[in-house]
Amino acid sequence: MLKCRDLVNQADLLIDGAELRPGRRLALRAHLLICRHCRRYLRQLDALTDHLHQPPPPLNERDTRAVLERLEPRR
Amino acid sequence: MAIPELESPEFLDRLRAGDRDALTELVRGYHPRLLATARTLLSPADAEEAVQDAWIAAHRALPRFQGRSALLTWLTRIVINQARMQLRRGGREIPFDPTEDGGDALDHRFKPGGHWRDPPRHWDLTGPDALLTRDELQHCLEKNLAALPDNQRLLLQLRDVQGLDFDAICHILEVSASNARVLLHRARARIFQMVDHFQETGEC
């Protein structure tokens with residue numbers, strides 16, 4: 001029987017959409033059906049990784065030019 | 001996640017042919033991400049230098065780039081190698097062996113049998129309460145991210161902040177999937193623990 005500790009250890013695979021063997025997926029799902037603490041953990045971890053997802057915006061024109069000038073100084 | 005327009009075969013052809021506009025678009029789109037990656041390991045000034053050196057190396061190697069990985073993956077790998085070289089000059093290494101980094105921040109919240117002793121509080125990062133404390137939370141997150149071991153911070157930056165593919169990250173860092181899994185889990189566990197504490201107490 002899957003323990004909460006096991007679910008928490010494997011929650012990252014679910015968050016990352018990793019491929020899971022059908023047996024393992026079933027065990028995780030069965031545990032989540034009966035355990036509200038783990039449902040909460042998974043939901044909030046998912047929200048947290050979404051919150052962290054902030055790829056920086058593109059570089060402004062002036063700084064872009066500065067990088068390029070050091071790349072191709074002759075131009 | 002990579003920027004789709006910068007990863008198309010047509011764009012790559014333009015880059016390989018030395019198209020100046022394509023190079024400008026590439027730098028504009030990816031420089032901030034590469035800098036964020038370097039900043040997880042180096043001081044701001046050293047990170048700038050590492051990324052600039054990486055651009056020089058990449059620019060030279062571009063005509064021979066085969067496109068077997070995404071450009072962003074390839075560039076990130078070059079940046080990390082530059083950063084590692086700089087670290088080595090200062091006598092530092094980044095170990096990817098998860099046994100050396102202080103364990104799992106959630107361990108104490110479980111009973112020996114593996115059930116929750118201290119289950120997570122309910123919180124909602126997008127709700128009205130969260131809006132009121134958004135700046136404090138952000139500040140606390142940044143502080144805790146900075147306190148992570150280098151290898152965990154790097155994994156979290158690449159996977160969760162930038163959204164790179166997990167397998168691509170293993171390739172970039174030349175680390176086994178099982179080690180990367182442990183490091184990523186520990187990084188997330190620490191940040192989860194921190195947010196849980198913040199939501200309950202309002203303190204960082």
# chains A, B, ... in the order shown; residues from 1 in each chain; ligands from 1
$ closest_atom_pairs --of "chain B" --to "chain A" --cutoff "6 Å" --atoms "only C-alpha atoms" --output "Markdown table"
| residue | atom | partner | partner_atom | distance |
| --- | --- | --- | --- | --- |
| B:Arg28 | CA | A:Leu59 | CA | 4.7 |
| B:Gly29 | CA | A:Pro58 | CA | 4.8 |
| B:Pro32 | CA | A:Pro56 | CA | 5.9 |
| B:Ile56 | CA | A:Leu71 | CA | 5.9 |
| B:Gly114 | CA | A:Arg5 | CA | 5.0 |
| B:His115 | CA | A:Cys4 | CA | 5.0 |
| B:Pro119 | CA | A:His37 | CA | 5.9 |
| B:Asp160 | CA | A:His53 | CA | 5.4 |
| B:Val161 | CA | A:His53 | CA | 4.1 |
| B:Gln162 | CA | A:Pro55 | CA | 4.8 |
$ write_last_selection --atoms "N, CA and C atoms" --output "tab-separated table (two decimals), in the first residue's frame"
chain	number	residue	atom	x	y	z
B	28	ARG	N	18.32	38.85	-28.33
B	28	ARG	CA	17.23	39.54	-27.65
B	28	ARG	C	16.35	38.54	-26.88
B	29	GLY	N	16.07	37.41	-27.51
B	29	GLY	CA	15.15	36.44	-26.90
B	29	GLY	C	15.79	35.63	-25.78
B	32	PRO	N	18.44	37.09	-21.71
B	32	PRO	CA	17.98	37.19	-20.31
B	32	PRO	C	17.86	35.82	-19.62
B	56	ILE	N	30.22	34.33	-27.45
B	56	ILE	CA	31.36	34.29	-28.38
B	56	ILE	C	31.61	32.86	-28.85
B	114	GLY	N	5.21	6.67	7.58
B	114	GLY	CA	5.07	7.24	6.24
B	114	GLY	C	3.79	8.03	6.01
B	115	HIS	N	2.98	8.21	7.10
B	115	HIS	CA	1.79	9.07	6.95
B	115	HIS	C	2.10	10.47	7.47
B	119	PRO	N	0.29	17.71	8.27
B	119	PRO	CA	-0.07	17.87	6.85
B	119	PRO	C	-0.02	19.32	6.39
B	160	ASP	N	11.65	24.76	-13.26
B	160	ASP	CA	10.40	25.42	-12.87
B	160	ASP	C	10.34	26.88	-13.27
B	161	VAL	N	11.43	27.61	-13.16
B	161	VAL	CA	11.38	29.04	-13.52
B	161	VAL	C	11.37	29.18	-15.04
B	162	GLN	N	12.27	28.45	-15.73
B	162	GLN	CA	12.35	28.61	-17.18
B	162	GLN	C	11.54	27.57	-17.95
$ closest_residue --among "B:Gly113, B:Glu5, B:Gly163, B:Ala54" --to "Met1 (chain A)" --atoms "only C-alpha atoms"
B:Gly113
$ atom_distance --atom1 "CA of Arg84 (chain B)" --atom2 "CA of Leu156 (chain B)"
17.5 Å
$ residues_around --residues "Ile94 (chain B)" --least-positions-apart "4" --cutoff "10 Å" --atoms "only C-alpha atoms" --output "number ranges by chain"
B: 41, 84, 87-88, 149-151, 154
$ residues_around --residues "Ala50 (chain B)" --least-positions-apart "5" --cutoff "8 Å" --atoms "only C-alpha atoms" --output "PyMOL selection string"
chain B and resi 38+79+82-83+86
$ write_last_selection --atoms "N, CA and C atoms" --output "PDB file, in the first residue's frame"
ATOM      1  N   ALA B  38      23.051  31.737 -15.452  1.00  0.00           N
ATOM      2  CA  ALA B  38      24.397  32.002 -14.926  1.00  0.00           C
ATOM      3  C   ALA B  38      24.321  32.628 -13.532  1.00  0.00           C
ATOM      4  N   VAL B  79      26.638  28.023 -21.586  1.00  0.00           N
ATOM      5  CA  VAL B  79      26.698  28.970 -20.458  1.00  0.00           C
ATOM      6  C   VAL B  79      27.114  28.247 -19.175  1.00  0.00           C
ATOM      7  N   GLN B  82      30.741  27.495 -19.192  1.00  0.00           N
ATOM      8  CA  GLN B  82      31.512  28.710 -18.896  1.00  0.00           C
ATOM      9  C   GLN B  82      31.479  29.015 -17.398  1.00  0.00           C
ATOM     10  N   ALA B  83      30.283  28.898 -16.825  1.00  0.00           N
ATOM     11  CA  ALA B  83      30.126  29.199 -15.393  1.00  0.00           C
ATOM     12  C   ALA B  83      30.944  28.221 -14.555  1.00  0.00           C
ATOM     13  N   GLN B  86      34.558  29.185 -14.645  1.00  0.00           N
ATOM     14  CA  GLN B  86      34.829  30.313 -13.736  1.00  0.00           C
ATOM     15  C   GLN B  86      34.860  29.856 -12.285  1.00  0.00           C
TER      16      GLN B  86
END
$ closest_residue --among "A:Leu14, A:Glu19, A:Ala27, A:Glu69" --to "Leu42 (chain A)" --atoms "only C-alpha atoms"
A:Leu14
$ decode --residues "region 2-25 of chain A" --atoms "N, CA and C atoms" --output "compact mmCIF listing (two decimals), in the first residue's frame"
# COMPACT_ATOMS: atom_id res chain seq x y z
N LEU A 2 0.57 2.17 -0.88
CA LEU A 2 1.34 3.40 -1.02
C LEU A 2 1.14 4.31 0.21
N LYS A 3 2.25 4.83 0.74
CA LYS A 3 2.18 5.74 1.88
C LYS A 3 2.18 7.19 1.40
N CYS A 4 1.77 8.10 2.27
CA CYS A 4 1.81 9.52 1.93
C CYS A 4 3.23 9.95 1.53
N ARG A 5 4.20 9.43 2.28
CA ARG A 5 5.60 9.77 1.99
C ARG A 5 5.97 9.40 0.55
N ASP A 6 5.47 8.22 0.10
CA ASP A 6 5.77 7.78 -1.27
C ASP A 6 5.10 8.72 -2.27
N LEU A 7 3.88 9.10 -1.96
CA LEU A 7 3.19 9.99 -2.90
C LEU A 7 3.93 11.32 -3.02
N VAL A 8 4.34 11.86 -1.89
CA VAL A 8 5.05 13.14 -1.91
C VAL A 8 6.37 13.00 -2.68
N ASN A 9 7.04 11.87 -2.52
CA ASN A 9 8.28 11.66 -3.26
C ASN A 9 8.05 11.55 -4.76
N GLN A 10 6.88 11.08 -5.14
CA GLN A 10 6.62 10.87 -6.57
C GLN A 10 5.76 11.97 -7.18
N ALA A 11 5.36 12.93 -6.33
CA ALA A 11 4.51 14.02 -6.82
C ALA A 11 5.21 14.78 -7.95
N ASP A 12 6.55 14.86 -7.86
CA ASP A 12 7.30 15.61 -8.88
C ASP A 12 7.13 15.00 -10.27
N LEU A 13 7.03 13.66 -10.32
CA LEU A 13 6.83 13.00 -11.61
C LEU A 13 5.49 13.41 -12.21
N LEU A 14 4.47 13.49 -11.35
CA LEU A 14 3.14 13.89 -11.83
C LEU A 14 3.16 15.34 -12.30
N ILE A 15 3.80 16.20 -11.50
CA ILE A 15 3.88 17.62 -11.86
C ILE A 15 4.58 17.80 -13.22
N ASP A 16 5.63 17.00 -13.43
CA ASP A 16 6.42 17.15 -14.65
C ASP A 16 5.83 16.40 -15.84
N GLY A 17 4.71 15.71 -15.61
CA GLY A 17 4.09 14.95 -16.69
C GLY A 17 4.97 13.80 -17.18
N ALA A 18 5.78 13.23 -16.26
CA ALA A 18 6.66 12.13 -16.65
C ALA A 18 5.84 10.89 -16.97
N GLU A 19 6.40 10.03 -17.81
CA GLU A 19 5.72 8.78 -18.12
C GLU A 19 5.78 7.85 -16.92
N LEU A 20 4.64 7.31 -16.55
CA LEU A 20 4.60 6.39 -15.41
C LEU A 20 4.05 5.05 -15.88
N ARG A 21 4.58 3.99 -15.28
CA ARG A 21 4.01 2.67 -15.57
C ARG A 21 2.55 2.67 -15.10
N PRO A 22 1.67 1.97 -15.84
CA PRO A 22 0.24 1.99 -15.49
C PRO A 22 -0.01 1.58 -14.03
N GLY A 23 0.75 0.60 -13.53
CA GLY A 23 0.56 0.15 -12.15
C GLY A 23 0.84 1.26 -11.15
N ARG A 24 1.90 1.99 -11.42
CA ARG A 24 2.27 3.07 -10.51
C ARG A 24 1.25 4.20 -10.56
N ARG A 25 0.82 4.51 -11.76
CA ARG A 25 -0.18 5.58 -11.93
C ARG A 25 -1.46 5.23 -11.17
